[in-house]
Every structure is written in C-alpha cells, then in structure tokens.
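Q: Below you will find the structure I want to go over with you.
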Amino acid sequence: MNESFLSYLWKYRHFNQDIRTESGEQLTVFHPGNQNTDSGPDFFNARLRIGSTTWAGNVEIHLQASDWYRHGHHTDPAYDHVILHVVYEADRRVYHQNGEPVQTLVVRNQFPGWIYDRYLRMMMNEQWIPCMNQLHDVRDHDFSMWAPVLALERLEYKTTGIRQLLTSCGNDWDDAFYRHLAGCFGFKINSLPFELLAKSLSVKIIRQHCESLFRLEALLYGQAGLLDTEFSDEYPQELSREYRFLRAKFNLAPVSGSVWKYLRLRPSNFPTIRISQFASFLFKTQARFFNLLADGSLKGVSGMLELTASDYWNTHYVFDKQAVRKQKTMGDLCVKLLIINGLAPFLFFYGIEKNQSGICEGVLNFLEQTGGENNADIIRWKAAGLPVDNAMQTQALLHLKKFFCDKKRCLDCRIGRKLLVDNG
C-alpha cells in the first residue's frame, strides 16, 4: 500500500457506499477537492458532510495516522484547515494545534480488494508497459479522447528547453531558432555535434554570408572540423581556402571533426550530406526565423524543408570518395521529423510567448493532419492496437510512454485508471 493509491481511491471515490469516520459518524463526499502536487495538504477545497455538519476545507492523505506528527503537520499552520485525515491505519489519535481532534477516515477494508490486486499486478509487471496484458481491452476512442491533451503536454514539455535556449541567446529569436533547428538536423545520432557547430558559429556571421550558398557551406564544414585535411577534389579544396580566410577574419575556433558519427547510418544520413542541406535551409530563409511566419502556417513553411545538397554531393557521400550518382534530397520522412521535432515545437513556443493562440492551435491542427512517426515505440503501440493515424497521436503515445508508462504512473493515466475499474 502507498499514499499514491490512497490518493487515487479518495480522488475517484472508490469506497464502499456506507463510510464512516473513525468516531462513527456518517461521511458524505460532495467533492473530494483538487489534488495538490506542491507543498501543503494533498487536496484543497473539498466539500464533505460529517454527521449533520457540512464542511469545506482540505484533506490530507497518509498511510498511518501517526505520519501527521512524523511530517510535522501538528506545528504547520498550512494544515490548520484540514477537515479530514484519510489514512490506511489509525495507529494514533491526531489533533490540531488548538487541541481539536482531526476527523479521520480509515480506508482499510473500505474499498474493493480487486482494484488493489490489479494495481499491484501493473506495478510488478516488467513488460514494455505495465498494462501490456490488459491493453487489448482499451477501445480506440478511450485513447483518442485523451490524445490531444497528451500531445499538448508534449509540446509544452519541449518548450522548456527552447525557453532556456532563447535565454542563453539573449532573447534573439533568430539565433535561438538557428541553434534549435541545427540540433534537429542531427536526427538524434548527430544532434549534439550539430548543436556544438551552431554554438561555435553565431547566426550574425551566418547572416552576413546568406547571399552565397558556397560561403555558407565553407563556414559550416570548416566549423564542423571537416576541412582540416588535404583534399584531392577541387570542391573541398575551394571550401578549405574560403574557410581559412573566413576563420582568420572572424577569429573562429572549429569543433573537432571526431565528434561526428557515421557508424550504422545510411550514407544519405551522413553529416556531410546533412550539413549541406542545412546550409541550403539557411540560404532559403536567410537565417531569419520571422521569414517562416509570413505564411502563418506550418503547411506553408514545410516547403522550406524540401532541401537538396549541393551538386558535389550528387556523386559523393564524403569528401574525395566518388559514389554512384544520386541527388541528395531531403526525404519525406526526414522533412516530417524536422517539422514534428523542430518547427512545430518552436512555433508553438513562439505562440505562447507572444500570446498568439492561433499559432498554437495551428500547430496542433497541423500535427493532426500530418502522418506520424514510425519508430520502434510507435510500431509496438500499433501492434498493441492503439491508433497511430497522425502525428498528434504518435506524439501523444511517445509522451505517454516516457512520462506515464516508464514511470509507472498508472494512477495518473486515463487508460490505467480505466483498466483498474472496468469489469470489476
């Protein structure tokens, strides 16, 4: 038994119909109160009737009544307005500071035992998710009704890092967007090297050279530490000469070329290709975030991500090593991931900061109209029978797995709570 389960019982009133306080008075719960996740009593503003008296106030949850004293509530004024102490065991009488007894509800044997049995099975389940054995009982609409809320929570979670990034950039939106999207171009495996690259090369320098795609590539490849060798091909030789001039002019310090990862990557995902495509994006947008807002929708700016690496890469994947001719265009899946993980969270954050709800709503609507990811977690959710029809749903499922299933927060999960009480 734990306090989380007791709080769940209280919040959703999973008690026997006839419940009485420890002193024997009839207890009627009009409203259990609003659950508090900060310091202070566990539930605020509950409304109860104890005997013939109606009360409004706070409720505290403990495994044992003596926890009231162990936690120092008897000397804390924040607990003076507790009207009910809900405990699993009443091992001690509890009093307010003024000497008045605290009304106590002992919940042991006051709830259906099968609910707790199901809860324990979920907590002890070592499968991919705690409710793996019961998930087939979940109907599509049970999740679909919750998916927009989860997707919104995921967007809000992502804004935390963007807010910190904007602060570190001195509230320069262009610089923050440039560095944020650079990390996204790394597609997890090379996300950190891309972030280091963008941090080493300010957007102000980038903007001074947006009239020339070649100079942008020279800056990016040079700062990536990929031009510090002797080349046979003319193109990397020209990049090296240009970069040496720009490095001296701006006193630049490149990152180490050893940070880039190639192992277990498809050649079209090599950092050499992605850097060229990133340069193409900066060239298209002139490295200005607000150029993306002109259309006012993600659908419009997604065309900015239809990127192709420069001509040299049609016959190369790395410098000085020729390959079969193939145009290195950003694939549909990569464009989708850049929108979902790059553009959408940043635009959503901008909408919050500027109090433009239309932008936030537009991001959610776009995700609902966009096909979702197809990674390992989504494949498992799909096999379990949950809908994965669009990006809003897949983002919701990724958030559900990370913040509910992995932490075994089944009592906070709408699906988990439903499985606990259905067909009891």
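As shown in the structure tokens, the chain order sets the letters A, B, ...; within each chain, residues go from 1, and ligands are also counted from 1 in the order they appear.
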Excluding range 280-282 of chain A and its own-chain neighbours fewer than 6 positions away, which residues fall within 7 Å of it when counting only C-alpha atoms? Please give them as an NGL selection string.

A: :A and (213 or 304-305 or 307)

Q: Skip range 94-105 of chain A itself and residues of its chain fewer than 5 positions away, then list as a list in words all residues within 7 Å of it, counting only C-alpha atoms.

A: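 Final neighbour list, sorted by chain and number: Arg20, Thr21, Glu22, Ala65, His74, Thr75, Asp80, Ile83, Leu84, His85, Val86 and Val87 of chain A.
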
Q: Next, write the just-selected residues to a file, as a compact mmCIF listing (two decimals), in the first residue's frame, keeping N, CA and C atoms as the atom set.

A:
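again_29.txt was written with the following content:
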# COMPACT_ATOMS: atom_id res chain seq x y z
N ARG A 20 -17.82 5.72 7.22
CA ARG A 20 -17.93 6.48 8.46
C ARG A 20 -16.55 6.86 8.95
N THR A 21 -16.50 7.96 9.69
CA THR A 21 -15.24 8.38 10.27
C THR A 21 -14.87 7.44 11.41
N GLU A 22 -13.65 7.60 11.90
CA GLU A 22 -13.19 6.73 12.99
C GLU A 22 -14.07 6.87 14.22
N ALA A 65 -1.88 7.17 10.64
CA ALA A 65 -2.28 8.44 11.25
C ALA A 65 -1.10 9.14 11.91
N HIS A 74 1.52 18.96 12.78
CA HIS A 74 0.90 19.48 14.00
C HIS A 74 1.43 20.86 14.38
N THR A 75 2.54 21.27 13.76
CA THR A 75 3.08 22.61 14.04
C THR A 75 3.05 23.51 12.80
N ASP A 80 -3.91 23.70 9.38
CA ASP A 80 -4.95 24.05 10.35
C ASP A 80 -6.35 23.88 9.77
N ILE A 83 -9.91 19.26 7.13
CA ILE A 83 -11.19 18.83 7.70
C ILE A 83 -11.33 17.31 7.76
N LEU A 84 -10.38 16.61 7.07
CA LEU A 84 -10.43 15.15 7.12
C LEU A 84 -9.04 14.58 6.88
N HIS A 85 -8.70 13.60 7.71
CA HIS A 85 -7.44 12.88 7.60
C HIS A 85 -7.76 11.48 7.09
N VAL A 86 -7.36 11.18 5.84
CA VAL A 86 -7.65 9.87 5.24
C VAL A 86 -6.42 8.99 5.42
N VAL A 87 -6.56 7.87 6.12
CA VAL A 87 -5.42 7.01 6.44
C VAL A 87 -5.77 5.55 6.16

Q: Can you tell me, as number ranges by chain, which residues in range 150-297 of chain A count as alpha helix (DSSP H) by DSSP?

A: A: 150-168, 173-185, 191-200, 203-207, 213-223, 234-250, 271-285

Q: DSSP on the backbone, then: every residue of range 225-419 of chain A marked strand (DSSP E or B), written as an MDAnalysis selection string.

A: chainID A and resid 308 316:318 321:322 329

Q: Using only C-alpha atoms, pick whichever of A:Arg70, A:Arg108, A:Arg154, A:Lys328 has the shortest atom-to-atom distance to His316 in chain A.

A: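 Among A:Arg70, A:Arg108, A:Arg154, A:Lys328, it is A:Lys328 that comes nearest to His316 in chain A.
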
Q: Just how far from CA of Cys334 in chain A is CA of Gly186 in chain A, in Å to one decimal?

A: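 Taking CA of Gly186 in chain A as the start and CA of Cys334 in chain A as the end point, the length is 10.5 Å.
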
Q: Could you work out how far CA of His209 in chain A lies from CA of Leu292 in chain A, giving the answer in Å with one decimal?

A: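 Between CA of Leu292 in chain A and CA of His209 in chain A the gap is 19.0 Å.
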
Q: Near Gly222 in chain A, within 8 Å and counting only C-alpha atoms, which residues show up once chain neighbours fewer than 3 positions away are dropped, as a list of chain:residue names?

A: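 Once the adjacent positions are removed, what remains is A:Ala218, A:Leu219, A:Gly225, A:Leu226, A:Leu227, A:Asp228, A:Leu239, A:Ser240, A:Tyr243, A:Pro254.
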
Q: Save out the residues we just selected, C-alpha atoms, as a short mmCIF file (atom, residue, chain, number, x, y, z; two decimals), in the first residue's frame.

A:
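Writing done, so here's again-v3.cif:
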data_model
loop_
_atom_site.label_atom_id
_atom_site.label_comp_id
_atom_site.auth_asym_id
_atom_site.auth_seq_id
_atom_site.Cartn_x
_atom_site.Cartn_y
_atom_site.Cartn_z
CA ALA A 218 32.55 26.75 -46.23
CA LEU A 219 31.66 28.18 -42.83
CA GLY A 225 36.11 20.37 -38.26
CA LEU A 226 35.71 18.59 -41.62
CA LEU A 227 38.12 20.73 -43.65
CA ASP A 228 41.30 20.15 -41.64
CA LEU A 239 35.88 25.20 -49.40
CA SER A 240 39.12 24.94 -47.40
CA TYR A 243 37.14 28.79 -44.78
CA PRO A 254 36.09 24.93 -35.07
#

Q: Measure the distance from CA of Ala384 in chain A to CA of Asp137 in chain A in Å and round it to one decimal.

A: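 CA of Asp137 in chain A lies at a distance of 10.1 Å from CA of Ala384 in chain A.
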
Q: Residues within 10 Å of Val29 in chain A, please, as a PDB file with C-alpha atoms, in the first residue's frame. Count only C-alpha atoms; anything in the same chain fewer than 6 positions from it doesn't count.

A:
ATOM      1  CA  TRP A  10     -10.029   9.291  -2.489  1.00  0.00           C
ATOM      2  CA  ARG A  13     -14.258   7.826  -4.590  1.00  0.00           C
ATOM      3  CA  ILE A  19     -18.376   5.039   5.002  1.00  0.00           C
ATOM      4  CA  ALA A  46     -13.031  19.572  -0.512  1.00  0.00           C
ATOM      5  CA  ARG A  47     -16.723  19.609   0.486  1.00  0.00           C
ATOM      6  CA  LEU A  48     -17.957  16.979   2.920  1.00  0.00           C
ATOM      7  CA  ARG A  49     -20.740  16.243   5.338  1.00  0.00           C
ATOM      8  CA  ILE A  50     -19.701  14.572   8.564  1.00  0.00           C
ATOM      9  CA  THR A  54     -21.224  20.281   6.199  1.00  0.00           C
ATOM     10  CA  TRP A  55     -17.539  21.176   5.905  1.00  0.00           C
TER      11      TRP A  55
END

Q: Can you tell me which residues surround Ala198 in chain A at a distance of at most 8 Å, considering only C-alpha atoms, apart from same-chain residues fewer than 4 positions away, and format the answer as a list in words?

A: Tyr178, Arg179, Ala182, Phe194, Ser202 and Val203 of chain A

Q: Would you mind listing what lies within 9 Å of range 412-418 of chain A as a VMD selection string, with only C-alpha atoms counted and same-chain residues fewer than 3 positions away left out?

A: chain A and resid 8 119 122 130 to 131 135 138 142 to 143 146 400 404 to 405 409 421 to 422

Q: How would the residues just picked look written out with C-alpha atoms as a PDB file, in the first residue's frame?

A:
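part_35.pdb written:
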ATOM      1  CA  TYR A   8      -6.388   7.646  -6.168  1.00  0.00           C
ATOM      2  CA  TYR A 119      -2.845  -2.151  -9.353  1.00  0.00           C
ATOM      3  CA  MET A 122       0.572  -3.432 -13.038  1.00  0.00           C
ATOM      4  CA  PRO A 130       2.651  -2.034 -17.100  1.00  0.00           C
ATOM      5  CA  CYS A 131      -0.759  -2.698 -18.682  1.00  0.00           C
ATOM      6  CA  LEU A 135      -4.196  -3.139 -23.288  1.00  0.00           C
ATOM      7  CA  VAL A 138      -8.802  -0.470 -24.427  1.00  0.00           C
ATOM      8  CA  ASP A 142     -10.575   5.815 -24.937  1.00  0.00           C
ATOM      9  CA  PHE A 143      -7.159   6.912 -26.168  1.00  0.00           C
ATOM     10  CA  TRP A 146      -7.006  11.846 -24.421  1.00  0.00           C
ATOM     11  CA  LEU A 400       2.532   8.553 -22.671  1.00  0.00           C
ATOM     12  CA  PHE A 404       3.493   7.659 -17.633  1.00  0.00           C
ATOM     13  CA  CYS A 405       4.374   4.070 -18.579  1.00  0.00           C
ATOM     14  CA  ARG A 409       2.194   6.446 -13.235  1.00  0.00           C
ATOM     15  CA  VAL A 421     -12.047  -0.397 -12.547  1.00  0.00           C
ATOM     16  CA  ASP A 422     -13.622  -1.828 -15.729  1.00  0.00           C
TER      17      ASP A 422
END
